[in-house]
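protein-v6.cif, holding mmCIF, C-alpha atoms:
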data_protein
loop_
_atom_site.group_PDB
_atom_site.id
_atom_site.type_symbol
_atom_site.label_atom_id
_atom_site.label_comp_id
_atom_site.auth_asym_id
_atom_site.auth_seq_id
_atom_site.Cartn_x
_atom_site.Cartn_y
_atom_site.Cartn_z
ATOM 1 C CA MET U 20 -17.715 -16.782 10.320
ATOM 2 C CA SER U 21 -19.037 -17.278 6.787
ATOM 3 C CA LEU U 22 -18.915 -14.897 3.833
ATOM 4 C CA PHE U 23 -21.826 -14.156 1.522
ATOM 5 C CA PRO U 24 -20.511 -12.078 -1.415
ATOM 6 C CA ALA U 25 -22.939 -9.834 -3.240
ATOM 7 C CA ALA U 26 -23.123 -9.885 -7.063
ATOM 8 C CA SER U 27 -20.292 -8.266 -8.992
ATOM 9 C CA ALA U 28 -20.974 -4.582 -9.539
ATOM 10 C CA SER U 29 -19.319 -1.169 -9.363
ATOM 11 C CA ALA U 30 -19.755 -1.450 -5.589
ATOM 12 C CA GLN U 31 -19.773 -4.783 -3.792
ATOM 13 C CA VAL U 32 -20.623 -5.562 -0.186
ATOM 14 C CA VAL U 33 -18.927 -8.584 1.313
ATOM 15 C CA GLU U 34 -21.175 -9.571 4.168
ATOM 16 C CA THR U 35 -20.398 -11.379 7.367
ATOM 17 C CA THR U 36 -22.596 -11.287 10.449
ATOM 18 C CA ASP U 37 -21.415 -7.695 10.922
ATOM 19 C CA SER U 38 -21.019 -6.671 7.236
ATOM 20 C CA ILE U 39 -17.368 -5.894 7.823
ATOM 21 C CA VAL U 40 -16.154 -4.421 4.528
ATOM 22 C CA GLN U 41 -17.476 -2.507 1.518
ATOM 23 C CA VAL U 42 -15.370 -1.899 -1.588
ATOM 24 C CA ASN U 43 -16.172 0.600 -4.328
ATOM 25 C CA LEU U 44 -14.323 1.549 -7.523
ATOM 26 C CA LEU U 45 -14.826 5.290 -8.012
ATOM 27 C CA GLU U 46 -15.448 6.938 -11.406
ATOM 28 C CA GLY U 47 -12.869 9.716 -11.006
ATOM 29 C CA TRP U 48 -11.928 11.971 -13.911
ATOM 30 C CA ARG U 49 -9.935 12.178 -17.134
ATOM 31 C CA GLN U 50 -6.773 14.311 -17.099
ATOM 32 C CA ALA U 51 -5.692 16.747 -19.807
ATOM 33 C CA ASP U 52 -2.937 14.291 -20.870
ATOM 34 C CA GLY U 53 -5.538 11.536 -21.456
ATOM 35 C CA SER U 54 -4.772 9.519 -18.321
ATOM 36 C CA HIS U 55 -7.464 8.865 -15.734
ATOM 37 C CA TYR U 56 -7.594 9.101 -11.946
ATOM 38 C CA THR U 57 -9.892 6.746 -10.083
ATOM 39 C CA GLY U 58 -9.789 5.327 -6.561
ATOM 40 C CA ILE U 59 -10.516 2.133 -4.654
ATOM 41 C CA GLU U 60 -12.653 3.027 -1.642
ATOM 42 C CA ILE U 61 -12.511 0.522 1.233
ATOM 43 C CA LYS U 62 -14.924 0.982 4.135
ATOM 44 C CA LEU U 63 -14.374 -1.141 7.244
ATOM 45 C CA ALA U 64 -16.664 -1.809 10.172
ATOM 46 C CA PRO U 65 -15.444 -0.496 13.558
ATOM 47 C CA GLY U 66 -12.475 -2.443 14.939
ATOM 48 C CA TRP U 67 -11.514 -4.032 11.592
ATOM 49 C CA LYS U 68 -8.432 -3.176 9.545
ATOM 50 C CA THR U 69 -6.801 -3.982 6.233
ATOM 51 C CA TYR U 70 -3.242 -3.591 5.013
ATOM 52 C CA TRP U 71 -0.716 -1.410 3.218
ATOM 53 C CA ARG U 72 1.500 -2.505 0.301
ATOM 54 C CA ALA U 73 4.030 -3.789 2.898
ATOM 55 C CA PRO U 74 1.706 -5.282 5.542
ATOM 56 C CA GLY U 75 4.280 -6.231 8.185
ATOM 57 C CA ASP U 76 4.593 -9.562 9.987
ATOM 58 C CA GLY U 77 1.066 -9.312 11.387
ATOM 59 C CA GLY U 78 -0.567 -8.282 8.094
ATOM 60 C CA VAL U 79 -1.927 -9.835 4.900
ATOM 61 C CA PRO U 80 -0.729 -8.662 1.444
ATOM 62 C CA THR U 81 -3.270 -7.014 -0.871
ATOM 63 C CA ARG U 82 -3.433 -8.340 -4.453
ATOM 64 C CA MET U 83 -4.968 -6.620 -7.479
ATOM 65 C CA SER U 84 -5.636 -7.769 -11.040
ATOM 66 C CA TRP U 85 -7.056 -5.677 -13.898
ATOM 67 C CA GLU U 86 -7.441 -8.681 -16.220
ATOM 68 C CA GLY U 87 -10.498 -8.379 -18.445
ATOM 69 C CA SER U 88 -10.452 -4.574 -18.558
ATOM 70 C CA ARG U 89 -11.021 -2.877 -21.904
ATOM 71 C CA ASN U 90 -9.090 0.174 -23.116
ATOM 72 C CA LEU U 91 -6.820 -0.011 -20.044
ATOM 73 C CA LYS U 92 -3.094 0.012 -20.802
ATOM 74 C CA ASN U 93 -1.728 0.078 -17.251
ATOM 75 C CA ALA U 94 -2.749 1.082 -13.731
ATOM 76 C CA GLU U 95 -0.561 2.404 -10.920
ATOM 77 C CA ILE U 96 -1.816 2.129 -7.335
ATOM 78 C CA HIS U 97 -0.844 4.873 -4.878
ATOM 79 C CA TRP U 98 -0.817 4.154 -1.153
ATOM 80 C CA PRO U 99 -1.733 6.886 1.368
ATOM 81 C CA ARG U 100 0.156 7.115 4.648
ATOM 82 C CA PRO U 101 -0.730 4.022 6.712
ATOM 83 C CA GLY U 102 -1.049 3.481 10.442
ATOM 84 C CA ILE U 103 0.919 1.084 12.661
ATOM 85 C CA PHE U 104 -0.908 -1.639 14.628
ATOM 86 C CA ARG U 105 0.514 -4.002 17.242
ATOM 87 C CA GLU U 106 -1.124 -7.274 18.255
ATOM 88 C CA SER U 107 0.281 -10.429 19.849
ATOM 89 C CA GLY U 108 3.802 -9.008 19.712
ATOM 90 C CA MET U 109 3.695 -8.407 15.950
ATOM 91 C CA ARG U 110 3.569 -5.172 13.979
ATOM 92 C CA SER U 111 1.231 -4.664 11.040
ATOM 93 C CA VAL U 112 0.954 -1.678 8.710
ATOM 94 C CA GLY U 113 -2.362 -0.623 7.249
ATOM 95 C CA TYR U 114 -5.694 1.141 7.564
ATOM 96 C CA ASP U 115 -8.858 1.145 9.642
ATOM 97 C CA GLU U 116 -12.245 2.837 9.122
ATOM 98 C CA THR U 117 -12.208 4.146 5.497
ATOM 99 C CA VAL U 118 -9.348 4.489 3.023
ATOM 100 C CA VAL U 119 -9.212 5.472 -0.653
ATOM 101 C CA LEU U 120 -6.325 4.071 -2.726
ATOM 102 C CA PRO U 121 -5.822 6.435 -5.700
ATOM 103 C CA VAL U 122 -5.249 4.720 -9.057
ATOM 104 C CA HIS U 123 -3.603 6.405 -12.062
ATOM 105 C CA ILE U 124 -4.656 4.702 -15.306
ATOM 106 C CA ASN U 125 -3.353 5.043 -18.854
ATOM 107 C CA SER U 126 -5.741 4.009 -21.622
ATOM 108 C CA GLU U 127 -4.954 2.328 -24.939
ATOM 109 C CA GLN U 128 -6.822 5.012 -26.874
ATOM 110 C CA ALA U 129 -9.326 7.837 -26.436
ATOM 111 C CA GLY U 130 -12.764 7.008 -25.043
ATOM 112 C CA ASP U 131 -14.265 5.365 -21.986
ATOM 113 C CA ILE U 132 -12.394 2.721 -19.993
ATOM 114 C CA ASP U 133 -14.160 -0.446 -18.838
ATOM 115 C CA ALA U 134 -12.178 -1.197 -15.683
ATOM 116 C CA GLN U 135 -12.488 -4.678 -14.220
ATOM 117 C CA LEU U 136 -10.688 -5.115 -10.931
ATOM 118 C CA THR U 137 -10.264 -8.256 -8.859
ATOM 119 C CA LEU U 138 -9.136 -7.203 -5.381
ATOM 120 C CA THR U 139 -7.999 -9.723 -2.776
ATOM 121 C CA LEU U 140 -7.324 -8.393 0.702
ATOM 122 C CA GLY U 141 -7.173 -9.482 4.304
ATOM 123 C CA VAL U 142 -9.466 -7.896 6.868
ATOM 124 C CA CYS U 143 -8.644 -8.531 10.496
ATOM 125 C CA LYS U 144 -10.008 -7.996 13.978
ATOM 126 C CA ASP U 145 -9.848 -10.893 16.419
ATOM 127 C CA ILE U 146 -9.443 -13.132 13.376
ATOM 128 C CA CYS U 147 -8.337 -12.506 9.792
ATOM 129 C CA ILE U 148 -10.636 -13.185 6.851
ATOM 130 C CA PRO U 149 -9.459 -13.319 3.211
ATOM 131 C CA VAL U 150 -11.854 -11.329 1.019
ATOM 132 C CA SER U 151 -11.986 -11.273 -2.777
ATOM 133 C CA VAL U 152 -14.197 -8.835 -4.695
ATOM 134 C CA ALA U 153 -14.745 -8.354 -8.427
ATOM 135 C CA LEU U 154 -15.549 -4.789 -9.466
ATOM 136 C CA ASP U 155 -16.615 -3.531 -12.896
ATOM 137 C CA GLN U 156 -16.745 0.241 -13.425
ATOM 138 C CA ARG U 157 -16.989 2.383 -16.538
ATOM 139 C CA LEU U 158 -14.524 5.260 -16.304
ATOM 140 C CA PRO U 159 -15.957 7.944 -18.594
ATOM 141 C CA SER U 160 -13.769 10.141 -20.778
ATOM 142 C CA GLU U 161 -15.904 13.160 -19.884
ATOM 143 C CA GLY U 162 -17.158 14.498 -16.571
ATOM 144 C CA ALA U 163 -15.752 14.131 -13.070
ATOM 145 C CA ALA U 164 -16.910 12.367 -9.922
ATOM 146 C CA ASP U 165 -15.517 11.715 -6.440
ATOM 147 C CA VAL U 166 -12.890 14.423 -6.999
ATOM 148 C CA ALA U 167 -12.658 15.646 -3.405
ATOM 149 C CA MET U 168 -12.415 12.090 -2.047
ATOM 150 C CA ILE U 169 -9.610 11.061 -4.412
ATOM 151 C CA ASN U 170 -7.703 14.348 -4.032
ATOM 152 C CA SER U 171 -7.879 14.024 -0.243
ATOM 153 C CA ALA U 172 -6.257 10.581 -0.530
ATOM 154 C CA LEU U 173 -3.590 11.962 -2.890
ATOM 155 C CA ASP U 174 -2.775 14.585 -0.260
ATOM 156 C CA GLU U 175 -2.012 11.731 2.175
ATOM 157 C CA LEU U 176 0.651 10.105 -0.007
ATOM 158 C CA PRO U 177 4.150 10.013 1.507
ATOM 159 C CA GLU U 178 6.385 12.899 0.502
ATOM 160 C CA ILE U 179 9.178 11.787 -1.857
ATOM 161 C CA ALA U 180 12.589 12.801 -0.506
ATOM 162 C CA GLU U 181 15.734 13.133 -2.603
ATOM 163 C CA ALA U 182 18.118 12.203 0.219
ATOM 164 C CA ALA U 183 20.477 9.312 -0.478
ATOM 165 C CA LEU U 184 20.251 6.031 1.434
ATOM 166 C CA ASP U 185 23.529 4.643 2.768
ATOM 167 C CA CYS U 186 23.104 0.836 2.866
ATOM 168 C CA THR U 187 25.449 -1.756 4.370
ATOM 169 C CA LEU U 188 24.650 -5.487 4.102
ATOM 170 C CA TYR U 189 26.193 -8.010 6.514
ATOM 171 C CA PRO U 190 25.840 -11.812 6.265
ATOM 172 C CA THR U 191 24.406 -13.501 9.371
ATOM 173 C CA GLU U 192 23.787 -17.110 10.382
ATOM 174 C CA ASP U 193 20.176 -16.985 9.130
ATOM 175 C CA GLY U 194 20.450 -14.461 6.298
ATOM 176 C CA TYR U 195 21.565 -10.847 6.378
ATOM 177 C CA ARG U 196 21.559 -7.710 8.475
ATOM 178 C CA LEU U 197 21.005 -4.451 6.636
ATOM 179 C CA ASP U 198 21.785 -0.983 8.002
ATOM 180 C CA VAL U 199 19.998 1.840 6.155
ATOM 181 C CA ALA U 200 21.137 5.339 7.071
ATOM 182 C CA THR U 201 20.268 8.815 5.810
ATOM 183 C CA MET U 202 19.936 12.452 6.772
ATOM 184 C CA LEU U 203 16.320 13.438 7.368
ATOM 185 C CA PRO U 204 14.909 16.180 9.609
ATOM 186 C CA GLU U 205 12.535 14.980 12.322
ATOM 187 C CA LEU U 206 8.978 14.630 11.049
ATOM 188 C CA ASP U 207 5.876 16.211 12.533
ATOM 189 C CA GLY U 208 3.716 13.841 14.575
ATOM 190 C CA LEU U 209 4.339 11.101 17.119
ATOM 191 C CA SER U 210 5.734 7.549 17.164
ATOM 192 C CA GLU U 211 8.345 7.944 14.421
ATOM 193 C CA THR U 212 9.253 4.623 12.839
ATOM 194 C CA ALA U 213 10.180 3.165 9.439
ATOM 195 C CA VAL U 214 9.194 0.455 6.973
ATOM 196 C CA VAL U 215 11.889 -1.049 4.721
ATOM 197 C CA GLU U 216 10.861 -2.808 1.477
ATOM 198 C CA LEU U 217 12.449 -4.572 -1.490
ATOM 199 C CA PRO U 218 9.723 -4.440 -4.164
ATOM 200 C CA GLY U 219 9.553 -7.440 -6.480
ATOM 201 C CA GLN U 220 12.006 -9.583 -4.512
ATOM 202 C CA ASP U 221 11.123 -12.649 -2.449
ATOM 203 C CA VAL U 222 12.829 -11.369 0.694
ATOM 204 C CA TRP U 223 11.499 -11.290 4.253
ATOM 205 C CA ILE U 224 12.412 -8.068 6.063
ATOM 206 C CA SER U 225 11.957 -7.585 9.792
ATOM 207 C CA GLU U 226 10.554 -4.593 11.618
ATOM 208 C CA PRO U 227 13.452 -2.101 11.828
ATOM 209 C CA ASP U 228 15.356 -1.090 14.894
ATOM 210 C CA PHE U 229 14.947 2.642 14.301
ATOM 211 C CA ASP U 230 17.355 5.188 15.754
ATOM 212 C CA ARG U 231 17.537 8.966 15.354
ATOM 213 C CA ASP U 232 20.427 11.271 16.320
ATOM 214 C CA GLU U 233 19.307 14.789 15.419
ATOM 215 C CA ASN U 234 18.981 14.733 11.596
ATOM 216 C CA TRP U 235 20.716 11.361 11.185
ATOM 217 C CA ILE U 236 18.563 8.208 11.162
ATOM 218 C CA VAL U 237 19.494 4.527 10.968
ATOM 219 C CA SER U 238 17.107 1.622 10.374
ATOM 220 C CA THR U 239 18.544 -1.847 11.020
ATOM 221 C CA VAL U 240 16.617 -4.859 9.674
ATOM 222 C CA GLN U 241 17.110 -8.602 9.462
ATOM 223 C CA MET U 242 16.598 -10.169 6.027
ATOM 224 C CA VAL U 243 15.997 -13.685 4.705
ATOM 225 C CA ASN U 244 16.269 -14.328 0.959
ATOM 226 C CA PHE U 245 13.775 -17.073 0.042
ATOM 227 C CA LYS U 246 15.423 -17.439 -3.388
ATOM 228 C CA GLN U 247 18.794 -18.554 -2.122
ATOM 229 C CA ASP U 248 20.274 -18.781 -5.613
ATOM 230 C CA ALA U 249 19.375 -15.127 -6.341
ATOM 231 C CA GLN U 250 21.397 -12.151 -5.194
ATOM 232 C CA ILE U 251 19.697 -9.428 -3.164
ATOM 233 C CA ASP U 252 19.489 -6.235 -5.240
ATOM 234 C CA LEU U 253 19.395 -3.069 -3.130
ATOM 235 C CA GLU U 254 19.050 -0.646 -6.039
ATOM 236 C CA ASP U 255 15.258 -0.339 -5.591
ATOM 237 C CA LEU U 256 15.208 -0.601 -1.803
ATOM 238 C CA ARG U 257 12.565 1.688 -0.336
ATOM 239 C CA MET U 258 12.372 3.125 3.182
ATOM 240 C CA THR U 259 9.302 5.002 4.369
ATOM 241 C CA VAL U 260 9.595 6.997 7.590
ATOM 242 C CA LEU U 261 6.232 7.377 9.337
ATOM 243 C CA THR U 262 4.635 9.246 12.203
ATOM 244 C CA THR U 263 1.005 9.624 13.217
ATOM 245 C CA THR U 264 0.627 12.596 10.839
ATOM 246 C CA SER U 265 3.549 12.501 8.352
ATOM 247 C CA ALA U 266 5.344 10.175 5.951
ATOM 248 C CA VAL U 267 8.484 10.480 3.812
ATOM 249 C CA GLU U 268 9.622 7.927 1.246
ATOM 250 C CA LEU U 269 13.240 7.402 0.161
ATOM 251 C CA THR U 270 14.377 5.024 -2.583
ATOM 252 C CA GLY U 271 17.647 3.443 -3.721
ATOM 253 C CA CYS U 272 20.865 2.556 -1.945
ATOM 254 C CA ASN U 273 24.296 4.034 -2.533
#

Write the structure described by the file as structure tokens, please.
Amino acid sequence: MSLFPAASASAQVVETTDSIVQVNLLEGWRQADGSHYTGIEIKLAPGWKTYWRAPGDGGVPTRMSWEGSRNLKNAEIHWPRPGIFRESGMRSVGYDETVVLPVHINSEQAGDIDAQLTLTLGVCKDICIPVSVALDQRLPSEGAADVAMINSALDELPEIAEAALDCTLYPTEDGYRLDVATMLPELDGLSETAVVELPGQDVWISEPDFDRDENWIVSTVQMVNFKQDAQIDLEDLRMTVLTTTSAVELTGCN
């Protein structure tokens, strides 16, 4: 299956025989504090999916670069609650149909922002295709657009919980076993599970064995540290508990 990218623009269609994915950088609006909310809209053809920040063993990581932007100091991507997919015995974490990834941007100074985004993502159905799009969008300092769409995505972000994570790391023959425990009331929705991440560290983490006993949950994962000379740092460990309709995020180990 061959790709025929359209010209770089504020919206770009990456065409295959089925035109599987469309990506659009939304204008958004300027906040009272001078920061700006925009969103990356990803539309997928039926049956195709793309992936969350932690894609799982069956997924493909998403990469973003804002190089070349003008009047853009930094950009923080927010990830709405994902779905869980299972194929060929592997779990992946991500999205199908349409998703908007909210982006919170700080500018260097007052005025419009010329945002230039290079987005590289995997889109998968029976096969996986790497897709790279270059988007250029002026984010005006006045006016507002796509507000309902971006706010709807913000409403789907995982709830941040203050509960402490109790973490115990055990050496194994191939790496480590990590038990992550906490108190958390049962979430609304079905198919409760968890995703465990170590942001910024080159560590493979397995799908958890997830167990609940009333309000007490334990996620047990296997870990392999690809930088064998570096110590695993659990301070920023993140666990997200998911159902079909809810998500709660907990950060940091005791």

Given the choices U:Ala213, U:Cys147, U:Cys186, U:Ile179, which gets closest to U:Cys272 if the distance is worked out from all atoms listed in the file?
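Closest candidate: U:Cys186.
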
Mind running stretch 28-140 of chain U against stretch 259-271 of chain U at 12 Å and telling me each contacting residue's nearest atom pair with the distance in Å (one decimal), counting only C-alpha atoms, chain and number ascending, as a Markdown table?
| residue | atom | partner | partner_atom | distance |
| --- | --- | --- | --- | --- |
| U:Trp71 | CA | U:Thr259 | CA | 11.9 |
| U:Arg72 | CA | U:Thr259 | CA | 11.6 |
| U:Ala73 | CA | U:Thr259 | CA | 10.4 |
| U:Trp98 | CA | U:Ala266 | CA | 11.2 |
| U:Pro99 | CA | U:Ala266 | CA | 9.1 |
| U:Arg100 | CA | U:Ala266 | CA | 6.2 |
| U:Pro101 | CA | U:Leu261 | CA | 8.2 |
| U:Gly102 | CA | U:Thr263 | CA | 7.0 |
| U:Ile103 | CA | U:Thr263 | CA | 8.6 |
| U:Phe104 | CA | U:Thr263 | CA | 11.5 |
| U:Val112 | CA | U:Leu261 | CA | 10.5 |
| U:Gly113 | CA | U:Leu261 | CA | 11.9 |

Any idea what's packed within 8 Å of stretch 217-233 of chain U, counting all atoms listed in the file, ignoring anything in its chain fewer than 4 positions away? Could you give it as JSON, numbers by chain? {"U": [75, 76, 110, 204, 205, 212, 213, 237, 238, 239, 240, 241, 242, 243, 244, 245, 246, 251, 253, 255, 256, 257]}

Once you have the residues from the selection above, write them out as a tab-separated table (two decimals), keeping the file's coordinate frame, restricted to C-alpha atoms.
chain	number	residue	atom	x	y	z
U	75	GLY	CA	4.28	-6.23	8.18
U	76	ASP	CA	4.59	-9.56	9.99
U	110	ARG	CA	3.57	-5.17	13.98
U	204	PRO	CA	14.91	16.18	9.61
U	205	GLU	CA	12.54	14.98	12.32
U	212	THR	CA	9.25	4.62	12.84
U	213	ALA	CA	10.18	3.16	9.44
U	237	VAL	CA	19.49	4.53	10.97
U	238	SER	CA	17.11	1.62	10.37
U	239	THR	CA	18.54	-1.85	11.02
U	240	VAL	CA	16.62	-4.86	9.67
U	241	GLN	CA	17.11	-8.60	9.46
U	242	MET	CA	16.60	-10.17	6.03
U	243	VAL	CA	16.00	-13.68	4.70
U	244	ASN	CA	16.27	-14.33	0.96
U	245	PHE	CA	13.78	-17.07	0.04
U	246	LYS	CA	15.42	-17.44	-3.39
U	251	ILE	CA	19.70	-9.43	-3.16
U	253	LEU	CA	19.40	-3.07	-3.13
U	255	ASP	CA	15.26	-0.34	-5.59
U	256	LEU	CA	15.21	-0.60	-1.80
U	257	ARG	CA	12.56	1.69	-0.34

When the PyMOL selection byres ((chain U and resi 133) around 7) is applied to the file above, which residues end up in the set, as a PyMOL selection string?
chain U and resi 88-90+131-132+134-135+156-158

Length of the atom CA of U:Gly87 to atom CA of U:Glu116 vector [Å]: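 Distance reported for this atom pair: 29.8 Å.
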
Counting all atoms listed in the file, closest pick from U:Tyr70, U:Trp85, U:Tyr189, U:Trp48 relative to U:Tyr114 is U:Tyr70
